[in-house]
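Structure data (mmCIF, C-alpha atoms) from entry-v9.cif:
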```cif
data_upload
loop_
_atom_site.label_atom_id
_atom_site.label_comp_id
_atom_site.auth_asym_id
_atom_site.auth_seq_id
_atom_site.Cartn_x
_atom_site.Cartn_y
_atom_site.Cartn_z
CA MET U 1 127.75 128.31 69.37
CA PRO U 2 124.98 130.01 67.40
CA ASN U 3 123.72 126.84 65.72
CA ARG U 4 123.10 125.16 69.06
CA ARG U 5 121.47 128.22 70.55
CA HIS U 6 119.18 128.64 67.57
CA PHE U 7 118.16 124.99 67.80
CA LEU U 8 117.27 125.23 71.46
CA MET U 9 115.59 128.59 71.45
CA GLY U 10 113.68 127.98 68.24
CA GLY U 11 112.81 124.30 68.53
CA LEU U 12 112.79 123.33 72.18
CA ALA U 13 111.42 126.51 73.66
CA ALA U 14 108.66 126.53 71.06
CA GLY U 15 107.85 122.93 71.86
CA ALA U 16 107.70 123.70 75.55
CA ALA U 17 105.37 126.60 74.94
CA ALA U 18 103.02 124.35 72.99
CA SER U 19 102.86 121.70 75.69
CA LEU U 20 103.06 123.68 78.92
CA PRO U 21 102.83 127.47 78.62
CA THR U 22 103.27 128.10 82.34
CA PHE U 23 106.77 126.62 82.41
CA ALA U 24 107.79 127.93 79.01
CA GLN U 25 106.67 131.49 79.68
CA THR U 26 108.17 131.84 83.15
CA ASN U 27 111.44 129.96 82.79
CA THR U 28 113.06 131.09 79.54
CA THR U 29 115.05 134.07 80.85
CA THR U 30 118.23 131.96 80.52
CA GLN U 31 118.83 128.95 78.31
CA ASN U 32 119.59 126.47 81.10
CA ARG U 33 116.31 127.28 82.81
CA GLY U 34 114.59 126.90 79.47
CA ASP U 35 115.79 123.32 79.15
CA ARG U 36 114.44 122.41 82.59
CA ALA U 37 111.13 124.06 81.80
CA TYR U 38 110.98 122.16 78.53
CA TRP U 39 111.55 118.82 80.29
CA LEU U 40 108.92 119.65 82.90
CA GLY U 41 106.46 120.56 80.19
CA LEU U 42 106.90 117.15 78.59
CA LEU U 43 106.80 115.44 81.98
CA GLU U 44 103.45 117.02 82.71
CA ARG U 45 102.00 116.27 79.29
CA VAL U 46 102.95 112.58 79.49
CA SER U 47 102.21 112.05 83.18
CA GLU U 48 99.00 113.98 83.74
CA PRO U 49 96.52 111.47 82.22
CA VAL U 50 98.08 108.54 84.09
CA LEU U 51 98.48 110.17 87.48
CA LYS U 52 95.14 111.97 87.38
CA ALA U 53 93.36 108.70 86.57
CA LEU U 54 95.24 106.91 89.37
CA HIS U 55 94.25 109.67 91.78
CA GLU U 56 90.61 109.30 90.74
CA HIS U 57 90.73 105.46 90.67
CA THR U 58 89.77 105.46 86.98
CA LEU U 59 92.93 104.20 85.27
CA ARG U 60 91.36 100.90 84.19
CA ARG U 61 88.30 102.73 82.94
CA ASP U 62 90.06 105.56 81.16
CA MET U 63 93.39 104.29 79.79
CA PRO U 64 93.11 102.76 76.32
CA VAL U 65 94.77 99.40 75.74
CA GLU U 66 96.45 99.64 72.37
CA ALA U 67 98.27 96.44 71.45
CA ALA U 68 99.26 94.30 68.48
CA PRO U 69 96.39 92.56 66.68
CA GLY U 70 95.05 89.72 68.79
CA GLN U 71 97.01 90.76 71.88
CA ARG U 72 94.70 93.29 73.54
CA GLU U 73 93.07 90.89 76.00
CA SER U 74 96.32 89.33 77.18
CA ARG U 75 98.09 92.68 77.48
CA ALA U 76 95.20 94.18 79.48
CA VAL U 77 96.22 91.94 82.40
CA GLY U 78 99.36 93.93 83.14
CA THR U 79 99.29 97.13 81.10
CA HIS U 80 98.01 99.31 83.97
CA LEU U 81 100.80 98.14 86.26
CA GLU U 82 103.20 98.91 83.41
CA ALA U 83 101.97 102.49 83.25
CA LEU U 84 102.23 102.92 87.03
CA GLY U 85 105.63 101.32 87.58
CA ARG U 86 107.40 102.65 84.52
CA LEU U 87 106.17 106.22 84.85
CA LEU U 88 107.11 106.41 88.52
CA ALA U 89 110.55 104.84 87.94
CA GLY U 90 111.42 107.88 85.84
CA LEU U 91 109.67 110.48 88.02
CA ALA U 92 110.94 109.16 91.35
CA PRO U 93 114.17 111.19 91.72
CA TRP U 94 112.26 114.39 90.92
CA LEU U 95 109.46 113.45 93.34
CA GLU U 96 112.14 112.82 95.98
CA LEU U 97 113.80 116.21 95.44
CA ASP U 98 113.32 118.96 98.01
CA ALA U 99 112.44 122.36 96.59
CA ALA U 100 115.65 124.37 96.21
CA SER U 101 116.26 128.09 96.28
CA GLY U 102 115.30 129.58 92.95
CA GLU U 103 112.87 126.84 91.99
CA SER U 104 109.76 128.12 90.29
CA ALA U 105 106.46 128.03 92.12
CA GLN U 106 105.01 126.09 89.19
CA GLU U 107 107.54 123.29 89.58
CA THR U 108 107.03 123.09 93.35
CA ALA U 109 103.26 122.90 92.95
CA LEU U 110 103.45 120.28 90.20
CA ARG U 111 105.76 118.08 92.26
CA SER U 112 103.54 118.36 95.31
CA ARG U 113 100.47 117.33 93.32
CA TYR U 114 102.21 114.44 91.62
CA ARG U 115 103.63 113.13 94.89
CA ALA U 116 100.12 112.91 96.29
CA TRP U 117 98.71 111.35 93.13
CA ALA U 118 101.55 108.82 92.94
CA LEU U 119 100.86 107.70 96.50
CA ASP U 120 97.16 107.45 95.67
CA GLY U 121 98.04 105.29 92.67
CA ILE U 122 100.31 102.92 94.59
CA THR U 123 97.74 102.56 97.37
CA SER U 124 94.96 101.90 94.87
CA ALA U 125 97.03 99.40 92.88
CA LEU U 126 97.56 97.31 96.00
CA ASP U 127 94.02 97.58 97.37
CA PRO U 128 91.84 94.57 96.39
CA SER U 129 88.70 96.67 96.75
CA SER U 130 89.88 99.41 94.36
CA PRO U 131 88.67 99.63 90.76
CA ASP U 132 92.34 100.04 89.85
CA HIS U 133 93.60 97.03 91.79
CA MET U 134 96.46 95.42 89.90
CA SER U 135 96.90 91.66 89.91
CA PHE U 136 100.49 91.03 90.91
CA GLY U 137 101.70 87.63 89.75
CA ALA U 138 98.80 87.19 87.33
CA SER U 139 101.07 87.10 84.26
CA PRO U 140 104.81 87.00 83.60
CA GLN U 141 104.70 90.68 82.62
CA THR U 142 103.80 91.64 86.19
CA LEU U 143 107.25 90.54 87.33
CA VAL U 144 108.74 93.16 85.03
CA ASP U 145 106.53 95.96 86.19
CA SER U 146 106.39 95.15 89.88
CA SER U 147 110.15 95.58 89.56
CA PHE U 148 109.86 98.98 87.90
CA LEU U 149 107.60 99.97 90.78
CA ALA U 150 110.25 98.66 93.18
CA LEU U 151 112.84 100.73 91.34
CA ALA U 152 110.68 103.82 91.79
CA LEU U 153 110.31 103.18 95.52
CA LEU U 154 114.06 102.68 95.93
CA ARG U 155 114.69 105.92 94.05
CA ALA U 156 112.25 107.84 96.26
CA PRO U 157 112.65 106.27 99.72
CA ASN U 158 111.34 109.28 101.60
CA GLN U 159 108.55 110.67 99.43
CA LEU U 160 107.12 107.40 98.08
CA LEU U 161 108.23 104.35 100.06
CA GLY U 162 108.36 106.19 103.38
CA LYS U 163 104.88 107.70 102.93
CA LEU U 164 102.98 104.44 102.37
CA ASN U 165 100.53 103.65 105.16
CA GLU U 166 100.96 100.45 107.17
CA GLN U 167 98.29 98.50 105.33
CA THR U 168 99.66 99.43 101.91
CA HIS U 169 103.14 98.60 103.11
CA GLN U 170 102.02 95.08 104.04
CA ARG U 171 100.18 94.64 100.77
CA LEU U 172 103.34 95.66 98.93
CA VAL U 173 105.28 92.94 100.73
CA GLU U 174 102.66 90.37 99.80
CA ALA U 175 102.65 91.52 96.16
CA LEU U 176 106.43 91.22 95.86
CA ILE U 177 106.40 87.75 97.41
CA THR U 178 103.64 86.73 94.98
CA GLU U 179 105.92 87.63 92.08
CA ARG U 180 108.29 84.84 93.12
CA ARG U 181 105.96 82.35 91.45
CA ILE U 182 107.15 83.69 88.08
CA GLN U 183 110.39 82.12 86.90
CA PRO U 184 112.49 84.59 84.91
CA GLY U 185 114.31 83.35 81.86
CA LEU U 186 118.04 83.64 81.23
CA SER U 187 117.89 87.28 80.21
CA ASN U 188 117.64 90.74 81.71
CA TRP U 189 114.56 89.38 83.54
CA LEU U 190 116.88 87.99 86.24
CA LEU U 191 117.39 91.59 87.32
CA PHE U 192 113.66 92.15 87.80
CA ALA U 193 113.49 89.32 90.32
CA ALA U 194 116.66 90.55 92.03
CA LEU U 195 115.43 94.12 92.45
CA ASN U 196 112.19 92.96 94.06
CA GLU U 197 114.32 91.14 96.63
CA ALA U 198 116.34 94.30 97.18
CA LEU U 199 113.19 96.22 98.04
CA LEU U 200 112.06 93.47 100.42
CA LYS U 201 115.40 93.79 102.18
CA VAL U 202 115.09 97.58 102.46
CA ILE U 203 111.66 97.33 104.07
CA GLY U 204 112.86 94.83 106.64
CA GLN U 205 111.47 91.59 105.20
CA HIS U 206 113.09 88.24 104.54
CA TRP U 207 114.78 88.43 101.15
CA ASP U 208 116.21 85.78 98.87
CA ARG U 209 119.95 86.38 98.65
CA MET U 210 120.33 83.65 96.03
CA ARG U 211 118.08 85.41 93.51
CA VAL U 212 120.28 88.48 93.77
CA ASP U 213 123.56 86.58 93.64
CA TYR U 214 122.44 84.53 90.64
CA ALA U 215 121.45 87.65 88.71
CA LEU U 216 124.70 89.46 89.47
CA ARG U 217 126.89 86.48 88.59
CA GLU U 218 125.03 85.71 85.37
CA LEU U 219 125.18 89.31 84.19
CA ASN U 220 128.89 89.40 84.92
CA SER U 221 129.38 86.22 82.86
CA TRP U 222 127.48 87.80 79.96
CA TYR U 223 129.72 90.85 79.73
CA VAL U 224 131.03 91.05 76.15
CA GLY U 225 133.31 94.09 76.41
CA ASP U 226 133.32 97.83 75.75
CA GLY U 227 130.57 98.50 78.25
CA ALA U 228 128.04 96.02 76.85
CA TYR U 229 126.38 92.92 78.28
CA GLY U 230 124.70 90.13 76.38
CA ASP U 231 121.01 89.70 77.13
CA GLY U 232 121.58 86.12 78.19
CA PRO U 233 124.45 84.13 76.70
CA HIS U 234 124.21 86.04 73.38
CA PHE U 235 124.57 89.72 72.52
CA HIS U 236 121.57 91.52 71.00
CA TRP U 237 121.66 94.79 69.05
CA ASP U 238 119.05 96.73 71.00
CA TYR U 239 118.81 99.20 73.88
CA TYR U 240 118.35 96.74 76.74
CA ASN U 241 121.75 97.56 78.19
CA SER U 242 120.17 100.98 78.80
CA PHE U 243 116.51 100.09 79.35
CA VAL U 244 117.32 97.60 82.11
CA MET U 245 120.75 96.09 82.59
CA HIS U 246 123.04 98.95 83.57
CA PRO U 247 120.48 100.99 85.57
CA TYR U 248 119.39 97.89 87.49
CA LEU U 249 122.95 96.86 88.24
CA LEU U 250 123.72 100.35 89.53
CA GLN U 251 120.65 100.27 91.79
CA LEU U 252 121.50 96.80 93.09
CA MET U 253 124.97 98.06 94.02
CA ASP U 254 123.40 101.09 95.76
CA THR U 255 121.04 98.92 97.77
CA LEU U 256 122.88 95.65 98.34
CA GLY U 257 126.46 96.13 97.24
CA ASN U 258 127.80 96.00 100.80
CA GLU U 259 125.88 92.84 101.73
CA SER U 260 128.53 90.49 100.34
CA GLY U 261 132.26 90.65 99.79
CA ALA U 262 131.78 89.15 96.34
CA TRP U 263 129.25 91.87 95.46
CA MET U 264 131.52 94.62 96.75
CA VAL U 265 134.17 93.49 94.27
CA MET U 266 131.61 93.83 91.46
CA ARG U 267 130.85 97.49 92.17
CA GLU U 268 133.86 99.05 90.45
CA PRO U 269 133.54 97.15 87.14
CA ILE U 270 129.76 97.70 87.15
CA ASN U 271 130.31 101.45 87.52
CA ARG U 272 133.10 101.57 84.94
CA ARG U 273 131.09 99.62 82.37
CA ALA U 274 128.08 101.86 82.90
CA GLN U 275 130.20 104.95 82.34
CA ARG U 276 131.52 103.58 79.06
CA TYR U 277 128.12 102.52 77.80
CA ALA U 278 126.73 105.96 78.66
CA ALA U 279 129.55 107.52 76.63
CA VAL U 280 128.59 105.31 73.69
CA GLN U 281 124.97 106.37 74.10
CA GLU U 282 125.91 110.05 73.97
CA ARG U 283 127.68 109.36 70.66
CA LEU U 284 124.62 107.57 69.27
CA ILE U 285 122.58 110.79 69.38
CA ALA U 286 122.78 112.38 65.92
CA ALA U 287 123.13 116.09 65.35
CA ASP U 288 119.35 116.44 64.96
CA GLY U 289 118.46 114.33 68.02
CA SER U 290 117.64 111.15 66.11
CA TYR U 291 119.34 107.83 66.88
CA PRO U 292 119.55 104.34 65.31
CA VAL U 293 116.21 102.56 65.15
CA ILE U 294 117.44 99.10 65.99
CA GLY U 295 116.32 96.18 68.13
CA ARG U 296 113.40 95.42 70.39
CA SER U 297 111.17 97.85 72.28
CA ILE U 298 112.03 100.91 70.22
CA THR U 299 108.61 102.33 71.10
CA TYR U 300 109.88 103.19 74.58
CA ARG U 301 111.04 106.33 72.79
CA CYS U 302 113.49 108.49 74.78
CA GLY U 303 113.53 105.80 77.47
CA ALA U 304 116.24 104.25 75.26
CA PHE U 305 118.58 106.67 77.06
CA HIS U 306 117.68 105.49 80.56
CA LEU U 307 121.33 104.80 81.32
CA LEU U 308 122.72 108.07 79.96
CA ALA U 309 120.17 109.95 82.05
CA ASP U 310 120.97 107.85 85.13
CA VAL U 311 124.73 108.27 84.80
CA ALA U 312 124.27 112.03 84.42
CA ARG U 313 122.02 112.10 87.49
CA ARG U 314 124.68 110.24 89.46
CA HIS U 315 127.45 112.64 88.36
CA MET U 316 129.26 109.65 86.84
CA LEU U 317 129.86 110.95 83.31
CA LEU U 318 133.37 110.40 82.01
CA GLU U 319 135.45 113.54 82.33
CA ASP U 320 135.48 114.34 78.60
CA ILE U 321 131.65 114.45 78.49
CA SER U 322 130.07 117.56 79.99
CA ALA U 323 126.74 117.60 81.78
CA ALA U 324 125.60 120.40 79.45
CA GLN U 325 126.16 118.41 76.27
CA VAL U 326 124.18 115.51 77.73
CA ARG U 327 121.38 117.84 78.78
CA CYS U 328 121.18 119.35 75.31
CA ALA U 329 121.40 115.97 73.58
CA LEU U 330 118.61 114.52 75.71
CA SER U 331 116.47 117.59 75.04
CA ALA U 332 116.88 116.97 71.32
CA VAL U 333 115.96 113.27 71.73
CA MET U 334 112.81 114.25 73.63
CA GLN U 335 111.85 116.64 70.87
CA LYS U 336 112.28 113.90 68.25
CA THR U 337 110.32 111.26 70.17
CA LEU U 338 107.61 113.13 72.09
CA GLU U 339 106.64 116.03 69.83
CA PRO U 340 105.75 114.44 66.45
CA LYS U 341 102.12 114.55 65.38
CA ASN U 342 99.97 111.70 66.75
CA THR U 343 102.38 110.82 69.56
CA PHE U 344 99.34 111.27 71.82
CA ASP U 345 95.73 110.35 71.18
CA ALA U 346 92.90 112.86 71.43
CA LYS U 347 92.72 112.43 75.22
CA GLY U 348 96.44 112.73 75.82
CA TRP U 349 97.49 109.07 76.15
CA LEU U 350 100.68 107.89 74.48
CA GLN U 351 100.26 105.84 71.32
CA ILE U 352 102.57 103.11 70.02
CA GLY U 353 105.38 104.51 67.93
CA LEU U 354 108.75 106.26 68.02
CA ALA U 355 108.15 109.39 65.94
CA GLY U 356 104.38 109.64 66.02
CA HIS U 357 101.83 106.81 65.83
CA GLN U 358 103.55 103.77 64.26
CA PRO U 359 101.79 100.68 65.62
CA GLU U 360 103.77 98.21 63.50
CA LEU U 361 106.88 99.15 65.50
CA GLY U 362 105.30 97.55 68.56
CA GLU U 363 106.09 93.93 69.38
CA THR U 364 103.39 91.60 70.68
CA TYR U 365 104.33 92.44 74.28
CA ILE U 366 103.92 96.20 73.74
CA SER U 367 100.76 97.94 74.93
CA THR U 368 99.82 101.43 76.07
CA GLY U 369 101.24 101.04 79.55
CA SER U 370 104.58 99.88 78.18
CA LEU U 371 105.20 103.23 76.53
CA TYR U 372 105.59 105.14 79.79
CA LEU U 373 109.17 103.94 80.16
CA CYS U 374 109.95 107.11 78.19
CA SER U 375 109.96 108.77 81.62
CA ALA U 376 113.42 107.30 82.31
CA ALA U 377 114.97 110.10 80.27
CA TRP U 378 113.86 112.61 82.92
CA LEU U 379 115.99 111.19 85.75
CA PRO U 380 118.24 114.30 85.88
CA LEU U 381 115.23 116.34 87.00
CA GLY U 382 116.11 114.80 90.37
CA LEU U 383 119.05 117.24 90.41
CA PRO U 384 118.26 120.78 91.62
CA SER U 385 118.25 123.60 89.09
CA THR U 386 121.53 124.86 90.60
CA ASP U 387 123.35 121.63 89.69
CA PRO U 388 125.87 121.94 86.83
CA PHE U 389 123.67 119.66 84.74
CA TRP U 390 121.20 122.55 84.57
CA SER U 391 123.35 125.61 85.26
CA GLN U 392 126.06 125.09 82.64
CA PRO U 393 125.45 127.01 79.39
CA PRO U 394 124.28 125.06 76.33
CA GLU U 395 126.89 122.95 74.58
CA GLN U 396 126.91 120.92 71.42
CA TRP U 397 127.05 117.16 71.86
CA THR U 398 129.58 114.92 70.15
CA GLN U 399 127.83 114.38 66.81
CA GLN U 400 127.02 118.08 66.49
CA LYS U 401 130.62 119.06 67.21
CA ILE U 402 132.18 116.64 64.76
CA TRP U 403 129.72 117.14 61.89
CA SER U 404 130.03 120.92 62.19
CA GLY U 405 133.77 120.61 61.62
CA GLU U 406 135.08 120.87 65.19
CA ASP U 407 138.06 118.78 66.13
CA ALA U 408 137.49 116.05 68.73
CA ARG U 409 139.34 113.26 70.45
CA ALA U 410 139.08 109.89 68.70
CA ASP U 411 136.85 107.34 70.41
CA HIS U 412 138.22 103.97 71.46
CA ALA U 413 136.97 100.82 73.14
CA HIS U 414 137.30 100.39 76.91
CA ASP U 415 138.07 96.71 77.25
CA GLU U 416 139.06 95.02 80.49
#
```
Would you put the structure from the file into structure tokens?
Amino acid sequence: MPNRRHFLMGGLAAGAAASLPTFAQTNTTTQNRGDRAYWLGLLERVSEPVLKALHEHTLRRDMPVEAAPGQRESRAVGTHLEALGRLLAGLAPWLELDAASGESAQETALRSRYRAWALDGITSALDPSSPDHMSFGASPQTLVDSSFLALALLRAPNQLLGKLNEQTHQRLVEALITERRIQPGLSNWLLFAALNEALLKVIGQHWDRMRVDYALRELNSWYVGDGAYGDGPHFHWDYYNSFVMHPYLLQLMDTLGNESGAWMVMREPINRRAQRYAAVQERLIAADGSYPVIGRSITYRCGAFHLLADVARRHMLLEDISAAQVRCALSAVMQKTLEPKNTFDAKGWLQIGLAGHQPELGETYISTGSLYLCSAAWLPLGLPSTDPFWSQPPEQWTQQKIWSGEDARADHAHDE
């Protein structure tokens, strides 16, 4: 497949070299290692300003608050918690991973540093005396991002949740309970409240079973077919099935699925629907790595493929979709969304946009911290480099295959 190889070696490897020479120069002996190095280069470029500032207790001082006109003051209330929770939700499986045979020394060292800095950041966020203390419950947005932090802790139970000191652990409990004062609307927000309760259960606290049950039953009632849920009673053309709904439902089944007979029955359709929606997502990625610019929150960039990345990480891809084609497709998406000029400001912080700096693409609820949900695309880094996701040779994804003239099986809806 010379076209695919040329694309990766010329475009992706060059991009990796520009952003992180250490990974690009030491891990390009084979193409599959080159993809992992490329992802790690982007991970470091995006994460370093946030995690370094959290480590130094200077996030509030150093992180700019870009927002829609007239919204800067209101968004400043929660934007720092957004950056913390969203970034760690994507990094968590990689932070949880034990170093495997054959892993580069650079990757091991980077993970070790970021584990320590992530713990510093969580501790600081929950410490009332810290300059980076984050006010849980102070605005509706904090329900969203306390939940992304909860998702990170559930995805890294040993290296993040299990390493919190006793005082921070207690402060976390208090913060999650504080979020109960915020009433979520009839939308994907029900899942944010439910996941906070799941974390409370995991850490041995009283948890509200009704919040979880209500979220699961409502989402089930909003299912519209072919892998898609409505965001409330109505369907929306956007990426929220991937940003939130499917990944949260999968995590709730992981954490609480056995707590109720009614929830156990939900697990199989939740998994099947997620697999189908991930297959649709793979088909949405054009031959050049672009994808339809449609719906809310498009400035989360490659985070639009949260579900595809999560399903790949879980080894749940449908059998006619290879791990290699997903890896290559996601690499192309990252190149399209994280490499354009002006994606980052002069100090390395993400700026509002999808392919560069495009502030008009940001809704009134978008601010600098919001943008770090792009990290969700990196979930497969939680798989060791020996996993087929990384070890299989490069492969064209569906749109590349079809538009280059290859034959392919016709797609069809998966209705229940």
Q. From the list U:Gln400, U:Ser260, U:Asn342, U:Ser146, which residue is nearest Gly289 of chain U when using only C-alpha atoms?
A. U:Gln400
6 Å contact set for segment 61-67 of chain U, only C-alpha atoms, chain neighbours under 5 positions out, as a PDB file with C-alpha atoms, in the coordinates of the input:
```pdb
ATOM      1  CA  ARG U  72      94.700  93.290  73.540  1.00  0.00           C
ATOM      2  CA  SER U 367     100.760  97.940  74.930  1.00  0.00           C
ATOM      3  CA  THR U 368      99.820 101.430  76.070  1.00  0.00           C
TER       4      THR U 368
END
```
Q) Glu103 of chain U: which residues within 12 Å, counting all atoms listed in the file, same-chain residues fewer than 3 positions away excluded, as number ranges by chain? A) U: 23, 26-27, 33, 36-37, 97-100, 106-111, 381, 383-387, 390
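Distance annotation: of U:Pro157, U:Gly162, U:Pro140, U:Gly41, the residue with the minimal separation from Thr178 of chain U is U:Pro140; atom set is only C-alpha atoms.
The smallest atom-to-atom distance between Asn196 of chain U and any of U:Ser124, U:Thr142, U:Ser221, U:Asn158, using all atoms listed in the file, is found for U:Thr142.
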Neighbour residues at most 6 Å from (132.5, 96.1, 74.8) (only C-alpha atoms) as a PDB file with C-alpha atoms, in the frame of the given file:
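Saved file out26.pdb follows:
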```pdb
ATOM      1  CA  VAL U 224     131.030  91.050  76.150  1.00  0.00           C
ATOM      2  CA  GLY U 225     133.310  94.090  76.410  1.00  0.00           C
ATOM      3  CA  ASP U 226     133.320  97.830  75.750  1.00  0.00           C
ATOM      4  CA  GLY U 227     130.570  98.500  78.250  1.00  0.00           C
ATOM      5  CA  ALA U 228     128.040  96.020  76.850  1.00  0.00           C
TER       6      ALA U 228
END
```
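Coordinates place atom CA of Gly295 of chain U at a distance of 22.2 Å from atom CA of Gly70 of chain U.
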Could you rebuild segment 197-208 of chain U with N, CA, C and O atoms and give it back as an mmCIF file, keeping the file's coordinate frame?
```
data_model
loop_
_atom_site.group_PDB
_atom_site.id
_atom_site.type_symbol
_atom_site.label_atom_id
_atom_site.label_comp_id
_atom_site.auth_asym_id
_atom_site.auth_seq_id
_atom_site.Cartn_x
_atom_site.Cartn_y
_atom_site.Cartn_z
ATOM 1 N N GLU U 197 113.717 91.599 95.375
ATOM 2 C CA GLU U 197 114.320 91.140 96.630
ATOM 3 C C GLU U 197 115.046 92.279 97.333
ATOM 4 O O GLU U 197 115.031 92.362 98.570
ATOM 5 N N ALA U 198 115.661 93.159 96.581
ATOM 6 C CA ALA U 198 116.340 94.300 97.180
ATOM 7 C C ALA U 198 115.359 95.186 97.931
ATOM 8 O O ALA U 198 115.652 95.666 99.041
ATOM 9 N N LEU U 199 114.183 95.401 97.350
ATOM 10 C CA LEU U 199 113.190 96.220 98.040
ATOM 11 C C LEU U 199 112.698 95.516 99.304
ATOM 12 O O LEU U 199 112.515 96.151 100.348
ATOM 13 N N LEU U 200 112.475 94.212 99.223
ATOM 14 C CA LEU U 200 112.060 93.470 100.420
ATOM 15 C C LEU U 200 113.095 93.631 101.532
ATOM 16 O O LEU U 200 112.744 93.800 102.705
ATOM 17 N N LYS U 201 114.363 93.610 101.187
ATOM 18 C CA LYS U 201 115.400 93.790 102.180
ATOM 19 C C LYS U 201 115.322 95.175 102.809
ATOM 20 O O LYS U 201 115.416 95.341 104.032
ATOM 21 N N VAL U 202 115.146 96.195 101.985
ATOM 22 C CA VAL U 202 115.090 97.580 102.460
ATOM 23 C C VAL U 202 113.937 97.789 103.428
ATOM 24 O O VAL U 202 114.069 98.525 104.418
ATOM 25 N N ILE U 203 112.815 97.118 103.188
ATOM 26 C CA ILE U 203 111.660 97.330 104.070
ATOM 27 C C ILE U 203 111.600 96.311 105.201
ATOM 28 O O ILE U 203 110.580 96.162 105.865
ATOM 29 N N GLY U 204 112.719 95.644 105.433
ATOM 30 C CA GLY U 204 112.860 94.830 106.640
ATOM 31 C C GLY U 204 112.240 93.455 106.570
ATOM 32 O O GLY U 204 111.954 92.851 107.610
ATOM 33 N N GLN U 205 112.062 92.919 105.365
ATOM 34 C CA GLN U 205 111.470 91.590 105.200
ATOM 35 C C GLN U 205 112.542 90.568 104.846
ATOM 36 O O GLN U 205 113.647 90.906 104.416
ATOM 37 N N HIS U 206 112.191 89.299 104.992
ATOM 38 C CA HIS U 206 113.090 88.240 104.540
ATOM 39 C C HIS U 206 113.271 88.367 103.034
ATOM 40 O O HIS U 206 112.307 88.543 102.294
ATOM 41 N N TRP U 207 114.506 88.304 102.580
ATOM 42 C CA TRP U 207 114.780 88.430 101.150
ATOM 43 C C TRP U 207 115.652 87.272 100.698
ATOM 44 O O TRP U 207 116.398 86.696 101.480
ATOM 45 N N ASP U 208 115.534 86.944 99.434
ATOM 46 C CA ASP U 208 116.210 85.780 98.870
ATOM 47 C C ASP U 208 117.563 86.217 98.295
ATOM 48 O O ASP U 208 117.650 86.720 97.170
#
```
